Amino acid sequence: MWVKCALISILLFPHSSFSQKQNLQIKFGDEVSVFSDKAYRKRAGQLFEAVGNVVILHKDETLYGQSASFDLDSGVFEIKGNVRYVSQGVTLYGSEMKYNMKTDYLIMKNSRIVSETFNIVALKIERLSKDHYKAEDAEFTTCRNCPESWAIYGEEIDLTVGGYVTIVNGLIKVNGTGIMIVPYIVLPVKRGRETGLLFPKLTSRFSEGVVFEQPWFWAIDDSRDLTLTPTFWATRGYGADVQYRHIFGEKKWVEFNTRLINDEIYLPGKLDTSESGEDRFRHVSEVESHMQWTQNFSQHFRFTEVRDLDAIQDFSVYSDPLVRGSEVGLTTYTEYRHDYATATLSAEFNRNQLINVADAFDHDYVQIMPQIEVSTIPFEIFKSKRRFFNNVSFGANSTFTNFRQNIPSEDTTSRNAQRTTVTPYIDWNYFQLGGFEMSSRFKHEFMYYDFRGENDGHFAKRANILRTEFSFGLEKIFGLSYEEEVPIENVSDEQIKKIRQKKTEQAKKKKTTLETIGILPDFERSLKDDFVVAKRNSYKHNQDYKLIHHYIFDEGENGDSNHGLNISSSNTNWFDYDDAIRSEENRLGSNDTKITIPRKNTLELQWNNSLIKKTPKKFSYKVDQQYLKDHFSYSRVGYFNISQGMRLEDGLESSRNKLTRLYVASGVSVFNWELSFDEYYFHDTNNNIFSSSLVKKWDKLELLTRYNRNSFEASDLETLSFGAQIKPLDLFRFSFIQEFDISADENTRSIFEVDYIPSNNCYVFNLNYRETLVDERVSFNIAFNFGGESFKRAQQGTNLKEKY
């Protein structure tokens with residue numbers, strides 16, 4: 001090839017040097033073309049020089065510069081002056097460059113390398129192979145157009161496109177200021193799970209000093225990963241967080257989380273933060289697994305454990321997502337689903353948190369070891385078109401539960417028992433005529449208790465419960481949901497401004513092109529065709545009127561009177577709500593049972609309203625004909641529900657005693673307002689349980705208010721929460737939430753957050769202050785843009801209702 005090129009050049013240029021006008025093109029074989037203003041030949045045709053606006057094309061690569069020389073023997077280009085090298089996905093800028101077209105080796109001075117995922121500015125950059133680069137005295141960043149936002153300086157940087165970047169003797173810089181030295185750091189430069197150091201987290205506790213966490217992520221393979229986070233606690237000592245995740249297949253996974261610390265200040269019962277004089281090992285741990293073996297057979301396992309119960313308070317930010325109740329311990333179940341029945345085997349062995357001694361185990365706590373539950377689907381007895389005999393079906397639920405204390409005590413024998421529950425039922429649909437419908441459910445509930453201990457005993461209770469419902473439904477549709485093209489002259493200037501503003505915001509979210517190259521503006525169809533697409537919504541109002549009769553007959557108990565008294569006389573002796581005497585459960589129970597309608601002989605009237613909005617969606621003819629079957633979206637705009645019960649028992653003199661609780665619930669979501677409230681009012685005691693929520697959203701501001709009140713003497717709860725999230729500039733987002741206990745006249749929680757969001761799409765800086773009844777702390781975190789979903793969530797933020 002080189003001989004052929006030399007002969008062509010001699011025939012074209014017979015003199016030892018030559019010059020041509022602009023747009024001169026020289027071809028070296030089939031793969032290299034050189035464009036320039038002037039070109040020269042030297043050394044008997046073995047050395048070529050091009051001057052002025054040089055452009056070199058080689059395969060899928062393009063090189064630019066003011067001057068270039070090419071040695072035919074070595075195959076090396078030397079390019080100087082505003083040098084640029086462009087290949088698929090990577091662009092290099094520099095002052096001068098050597099490029100070997102035989103080996104693909106490239107070296108560039110005073111250079112900068114730019115790609116969709118990273119930037120590097122260096123004194124010298126070498127390309128060792130197609131995707132392998134090495135830089136000296138360089139700065140690495142994922143910022144696209146502002147390297148000063150954050151960068152890591154390193155004496156040596158080794159980078160593989162689509163792999164990792166390794167930085168030796170690094171200095172982390174924010175806005176040009178060094179903040180941390182890292183001798184060695186590895187970061188991913190491609191999307192997906194990658195092994196390497198994650199950004200450290202720094203927290204300051206006012207009473208304990210600074211906490212430093214440095215996570216390291218290990219992508220073991222496509223189905224496993226490990227995150228190891230060594231931690232330094234200023235006064236407590238050293239520790240580590242460990243997370244291991246393993247996916248075995250679809251809906252088959254296991255996850256392990258633990259926080260370990262060698263605590264130098266903690267002792268049970270010790271309240272100050274001075275050194276205790278001894279090291280105490282502490283941990284908060286959780287392991288959870290789910291296995292969906294077949295479509296019908298699944299298993300779930302979850303075990304949470306703490307070295308001492310105080311760890312849940314001392315490490316609340318870590319433990320809150322792991323602890324889901326007032327206890328920690330084991331919860332597991334195995335479930336088998338058949339076409340006609342479902343069988344579940346479950347067990348719980350928990351450690352009660354409501355105990356005075358932090359490192360003790362509450363042996364009086366009642367465990368469930370195990371519970372077996374079998375339930376059937378409704379089996380149809382007969383079905384006809386005759387009125388009052390439309391459909392009759394039956395089914396049954398049965399449960400066996402073994403309640404046991406870890407160390408049974410003689411004075412609490414009633415806390416160790418085996419309970420068997422059998423509940424057959426019959427569903428009877430009388431008729432469905434127009435908007436009218438009538439149905440009943442009859443169930444017989446039988447419970448048998450076998451108490452274990454020195455004084456064995458037996459107890460049984462039964463209840464026959466009938467629920468009859470007569471309902472009437474109405475619905476009305478307003479408008480038609482569709483899209484139409486409206487001439488632009490019929491659209492107001494304000495509406496056009498809003499449409500263009502919305503398109504600009506959507507374009508910003510979809511922006512993926514390098515800003516150094518430029519972004520193509522969105523094509524506005526309205527500017528060409530002089531019309532805009534307008535959406536028309538329709539609304540549907542549903543109303544349901546229900547008259548429900550609750551009735552209990554043939555209720556009774558038999559067996560050991562002492563054990564029966566312990567079960568039925570007080571809710572403090574219940575194992576759970578199922579132990580209640582059904583006619584008394586709303587009187588003896590907690591809030592969950594108080595708000596229910598008494599079932600002895602009560603008439604309930606319900607009026608339920610809902611307003612549904614139907615909106616047309618954008619569709620594509622190319623996507624599996626989805627525009628035909630999934631063309632609309634639905635949302636609930638508002639609702640209003642009322643429920644009132646009235647006792648029909650004999651002997652009730654006053655009308656106030658006849659009325660049970662009144663329930664009113666309403667909510668509306670319109671014009672960026674979200675308002676909802678629930679009210680339970682109890683006529684006989686004048687008590688109420690009330691909760692409300694109000695959210696208002698503007699373009700730059702969001703407000704949230706919550707209020708809860710329970711006036712029952714045993715509860716005596718009244719709380720108020722309010723918060724705001726404001727974004728006065730695109731660069732900053734401020735959030736706060738304040739929770740106040742009105743009954744106790746004290747603040748229970750305060751959270752203040754500031755997010756700094758640079759316009760260069762590089763990172764998000766979060767500063768957080770948190771104060772609770774037990775501690776206060778300051779923390780900051782930086783989310784860098786490595787192309788993952790976590791950065792998008794941090795950048796866009798969450799609404800105030802979901803955040804707190």
# chains A, B, ... in the order shown; residues from 1 in each chain; ligands from 1

call {"tool": "closest_atom_pairs", "arguments": {"of": "region 158-180 of chain A", "to": "region 77-101 of chain A", "cutoff": "12 Å", "atoms": "only C-alpha atoms", "output": "JSON lines"}}
result
{"residue": "A:Thr160", "atom": "CA", "partner": "A:Val90", "partner_atom": "CA", "distance": 11.7}
{"residue": "A:Val161", "atom": "CA", "partner": "A:Val90", "partner_atom": "CA", "distance": 8.8}
{"residue": "A:Gly162", "atom": "CA", "partner": "A:Gly89", "partner_atom": "CA", "distance": 10.3}

call {"tool": "residues_around", "arguments": {"residues": "Arg462 (chain A)", "least_positions_apart": "5", "cutoff": "9 Å", "atoms": "only C-alpha atoms", "output": "NGL selection string"}}
result
:A and (444-448 or 554-557 or 581)

call {"tool": "write_last_selection", "arguments": {"atoms": "N, CA, C and O atoms", "output": "compact mmCIF listing (two decimals), in the first residue's frame"}}
result
# COMPACT_ATOMS: atom_id res chain seq x y z
N HIS A 444 -70.34 -18.55 60.84
CA HIS A 444 -70.29 -19.12 62.19
C HIS A 444 -68.83 -19.13 62.64
O HIS A 444 -67.99 -19.78 62.01
N GLU A 445 -68.54 -18.41 63.69
CA GLU A 445 -67.17 -18.29 64.19
C GLU A 445 -67.04 -19.10 65.48
O GLU A 445 -67.72 -18.84 66.47
N PHE A 446 -66.15 -20.08 65.44
CA PHE A 446 -65.93 -20.95 66.60
C PHE A 446 -64.45 -20.93 66.95
O PHE A 446 -63.59 -21.12 66.08
N MET A 447 -64.16 -20.71 68.25
CA MET A 447 -62.78 -20.68 68.73
C MET A 447 -62.66 -21.58 69.95
O MET A 447 -63.46 -21.50 70.89
N TYR A 448 -61.61 -22.42 69.91
CA TYR A 448 -61.35 -23.35 71.00
C TYR A 448 -59.93 -23.11 71.52
O TYR A 448 -58.97 -23.09 70.74
N ASP A 554 -77.00 -16.12 68.98
CA ASP A 554 -76.47 -17.37 69.52
C ASP A 554 -74.97 -17.24 69.83
O ASP A 554 -74.16 -18.07 69.47
N GLU A 555 -74.63 -16.16 70.54
CA GLU A 555 -73.25 -15.97 70.98
C GLU A 555 -73.11 -16.54 72.38
O GLU A 555 -73.98 -16.36 73.23
N GLY A 556 -71.97 -17.23 72.65
CA GLY A 556 -71.80 -17.80 73.97
C GLY A 556 -70.40 -18.32 74.20
O GLY A 556 -69.59 -18.39 73.29
N GLU A 557 -70.12 -18.67 75.48
CA GLU A 557 -68.83 -19.23 75.87
C GLU A 557 -69.08 -20.41 76.80
O GLU A 557 -70.09 -20.48 77.50
N ILE A 581 -64.89 -10.93 72.48
CA ILE A 581 -66.29 -11.30 72.38
C ILE A 581 -66.91 -10.34 71.37
O ILE A 581 -66.86 -9.12 71.54

call {"tool": "select_by_dssp", "arguments": {"residues": "region 406-472 of chain A", "states": "helix (DSSP H, G or I)", "output": "PyMOL selection string"}}
result
chain A and resi 410-415

call {"tool": "write_last_selection", "arguments": {"atoms": "N, CA and C atoms", "output": "PDB file, in the first residue's frame"}}
result
ATOM      1  N   GLU A 410     -45.689 -19.764  86.072  1.00  0.00           N
ATOM      2  CA  GLU A 410     -46.878 -20.384  86.633  1.00  0.00           C
ATOM      3  C   GLU A 410     -48.039 -19.409  86.750  1.00  0.00           C
ATOM      4  N   ASP A 411     -47.734 -18.134  87.015  1.00  0.00           N
ATOM      5  CA  ASP A 411     -48.814 -17.177  87.219  1.00  0.00           C
ATOM      6  C   ASP A 411     -49.370 -16.620  85.913  1.00  0.00           C
ATOM      7  N   THR A 412     -48.844 -17.069  84.780  1.00  0.00           N
ATOM      8  CA  THR A 412     -49.353 -16.580  83.495  1.00  0.00           C
ATOM      9  C   THR A 412     -49.671 -17.749  82.576  1.00  0.00           C
ATOM     10  N   THR A 413     -50.312 -18.758  83.122  1.00  0.00           N
ATOM     11  CA  THR A 413     -50.629 -19.930  82.301  1.00  0.00           C
ATOM     12  C   THR A 413     -51.593 -19.589  81.177  1.00  0.00           C
ATOM     13  N   SER A 414     -52.407 -18.530  81.362  1.00  0.00           N
ATOM     14  CA  SER A 414     -53.349 -18.164  80.306  1.00  0.00           C
ATOM     15  C   SER A 414     -52.646 -17.554  79.109  1.00  0.00           C
ATOM     16  N   ARG A 415     -51.341 -17.281  79.205  1.00  0.00           N
ATOM     17  CA  ARG A 415     -50.595 -16.728  78.086  1.00  0.00           C
ATOM     18  C   ARG A 415     -49.948 -17.820  77.255  1.00  0.00           C
TER      19      ARG A 415
END

call {"tool": "closest_residue", "arguments": {"among": "A:Pro598, A:His300, A:Glu156, A:Gly163", "to": "Lys124 (chain A)", "atoms": "only C-alpha atoms"}}
result
A:Glu156

call {"tool": "atom_distance", "arguments": {"atom1": "CA of Thr399 (chain A)", "atom2": "CA of Arg452 (chain A)"}}
result
18.4 Å

call {"tool": "residues_around", "arguments": {"residues": "region 473-490 of chain A", "least_positions_apart": "2", "cutoff": "9 Å", "atoms": "only C-alpha atoms", "output": "PyMOL selection string"}}
result
chain A and resi 434-437+471+492+496+526+529-546+614-617+632

call {"tool": "write_last_selection", "arguments": {"atoms": "N, CA and C atoms", "output": "compact mmCIF listing (two decimals), in the first residue's frame"}}
result
# COMPACT_ATOMS: atom_id res chain seq x y z
N GLY A 434 -80.98 -3.39 37.82
CA GLY A 434 -80.62 -2.01 37.56
C GLY A 434 -79.48 -1.59 38.48
N GLY A 435 -79.71 -0.50 39.19
CA GLY A 435 -78.72 -0.04 40.16
C GLY A 435 -78.91 -0.61 41.55
N PHE A 436 -79.91 -1.49 41.75
CA PHE A 436 -80.21 -2.05 43.05
C PHE A 436 -79.55 -3.41 43.20
N GLU A 437 -79.07 -3.69 44.41
CA GLU A 437 -78.43 -4.97 44.69
C GLU A 437 -78.63 -5.31 46.16
N SER A 471 -78.03 -2.10 48.50
CA SER A 471 -77.32 -0.95 47.94
C SER A 471 -78.00 -0.47 46.67
N SER A 492 -54.97 31.53 23.37
CA SER A 492 -54.49 32.79 23.95
C SER A 492 -52.97 32.77 24.08
N ILE A 496 -50.29 29.71 25.01
CA ILE A 496 -49.13 29.38 24.18
C ILE A 496 -47.86 29.43 25.00
N SER A 526 -46.33 23.38 16.15
CA SER A 526 -47.26 24.50 16.07
C SER A 526 -46.72 25.65 15.24
N ASP A 529 -47.36 24.21 11.42
CA ASP A 529 -48.72 23.92 10.96
C ASP A 529 -49.76 24.88 11.53
N ASP A 530 -49.34 25.78 12.43
CA ASP A 530 -50.23 26.79 12.98
C ASP A 530 -51.40 26.20 13.75
N PHE A 531 -51.17 25.11 14.45
CA PHE A 531 -52.18 24.59 15.37
C PHE A 531 -51.49 23.86 16.51
N VAL A 532 -52.23 23.67 17.59
CA VAL A 532 -51.72 22.95 18.75
C VAL A 532 -52.69 21.83 19.09
N VAL A 533 -52.18 20.81 19.77
CA VAL A 533 -52.99 19.67 20.17
C VAL A 533 -53.54 19.94 21.57
N ALA A 534 -54.85 19.90 21.72
CA ALA A 534 -55.50 20.15 23.00
C ALA A 534 -56.15 18.88 23.50
N LYS A 535 -56.04 18.63 24.81
CA LYS A 535 -56.65 17.46 25.42
C LYS A 535 -57.95 17.85 26.11
N ARG A 536 -58.96 17.01 25.91
CA ARG A 536 -60.25 17.21 26.56
C ARG A 536 -60.48 16.07 27.55
N ASN A 537 -60.81 16.41 28.77
CA ASN A 537 -61.04 15.41 29.81
C ASN A 537 -62.52 15.19 30.03
N SER A 538 -62.84 13.99 30.49
CA SER A 538 -64.21 13.70 30.91
C SER A 538 -64.20 13.28 32.37
N TYR A 539 -65.37 13.38 33.01
CA TYR A 539 -65.47 13.09 34.44
C TYR A 539 -66.65 12.18 34.69
N LYS A 540 -66.49 11.31 35.69
CA LYS A 540 -67.57 10.41 36.07
C LYS A 540 -67.81 10.52 37.57
N HIS A 541 -69.06 10.76 37.94
CA HIS A 541 -69.45 10.86 39.35
C HIS A 541 -70.19 9.58 39.74
N ASN A 542 -69.63 8.86 40.71
CA ASN A 542 -70.24 7.64 41.22
C ASN A 542 -70.86 7.92 42.59
N GLN A 543 -72.05 7.40 42.80
CA GLN A 543 -72.72 7.47 44.11
C GLN A 543 -73.19 6.08 44.50
N ASP A 544 -72.94 5.71 45.76
CA ASP A 544 -73.43 4.45 46.30
C ASP A 544 -74.16 4.72 47.60
N TYR A 545 -75.40 4.24 47.68
CA TYR A 545 -76.17 4.29 48.91
C TYR A 545 -76.26 2.87 49.44
N LYS A 546 -75.88 2.68 50.69
CA LYS A 546 -75.89 1.34 51.27
C LYS A 546 -76.60 1.36 52.62
N LYS A 614 -60.99 11.19 33.47
CA LYS A 614 -60.48 10.36 32.38
C LYS A 614 -59.73 11.26 31.40
N THR A 615 -58.45 10.93 31.14
CA THR A 615 -57.58 11.79 30.33
C THR A 615 -56.99 10.98 29.18
N PRO A 616 -57.01 11.50 27.96
CA PRO A 616 -56.37 10.77 26.84
C PRO A 616 -54.85 10.81 26.98
N LYS A 617 -54.21 9.71 26.58
CA LYS A 617 -52.75 9.60 26.64
C LYS A 617 -52.16 9.63 25.24
N PHE A 632 -56.18 5.75 27.66
CA PHE A 632 -56.63 6.72 28.65
C PHE A 632 -55.98 6.45 30.00

call {"tool": "atom_distance", "arguments": {"atom1": "CA of Pro215 (chain A)", "atom2": "CA of Arg770 (chain A)"}}
result
22.3 Å

call {"tool": "closest_residue", "arguments": {"among": "A:Thr468, A:Thr103, A:Asn391, A:Thr344", "to": "Phe379 (chain A)", "atoms": "only C-alpha atoms"}}
result
A:Asn391

call {"tool": "atom_distance", "arguments": {"atom1": "CA of Lys700 (chain A)", "atom2": "CA of Gln796 (chain A)"}}
result
12.6 Å

call {"tool": "closest_residue", "arguments": {"among": "A:Asn657, A:Asn110, A:Asn799, A:Ser69", "to": "Val695 (chain A)", "atoms": "only C-alpha atoms"}}
result
A:Asn799

call {"tool": "residues_around", "arguments": {"residues": "region 383-390 of chain A", "least_positions_apart": "4", "cutoff": "7 Å", "atoms": "only C-alpha atoms", "output": "compact mmCIF listing (two decimals) with all heavy atoms, in the first residue's frame"}}
result
# COMPACT_ATOMS: atom_id res chain seq x y z
N ASN A 429 -76.40 -13.89 47.25
CA ASN A 429 -76.75 -12.72 46.45
C ASN A 429 -78.21 -12.87 46.03
O ASN A 429 -78.56 -13.77 45.27
CB ASN A 429 -75.87 -12.62 45.20
CG ASN A 429 -74.42 -12.32 45.56
OD1 ASN A 429 -74.15 -11.55 46.48
ND2 ASN A 429 -73.51 -12.93 44.83
N TYR A 430 -79.08 -11.97 46.55
CA TYR A 430 -80.52 -12.10 46.31
C TYR A 430 -80.90 -11.64 44.90
O TYR A 430 -81.56 -12.35 44.16
CB TYR A 430 -81.29 -11.28 47.34
CG TYR A 430 -81.05 -11.75 48.76
CD1 TYR A 430 -80.26 -11.02 49.63
CD2 TYR A 430 -81.62 -12.93 49.23
CE1 TYR A 430 -80.04 -11.44 50.93
CE2 TYR A 430 -81.40 -13.37 50.53
CZ TYR A 430 -80.61 -12.62 51.38
OH TYR A 430 -80.38 -13.05 52.65
N PHE A 431 -80.48 -10.43 44.53
CA PHE A 431 -80.82 -9.95 43.20
C PHE A 431 -79.92 -8.77 42.85
O PHE A 431 -79.28 -8.15 43.70
CB PHE A 431 -82.29 -9.52 43.10
CG PHE A 431 -82.67 -8.40 44.03
CD1 PHE A 431 -82.43 -7.07 43.69
CD2 PHE A 431 -83.25 -8.67 45.26
CE1 PHE A 431 -82.78 -6.04 44.55
CE2 PHE A 431 -83.59 -7.65 46.12
CZ PHE A 431 -83.35 -6.33 45.77
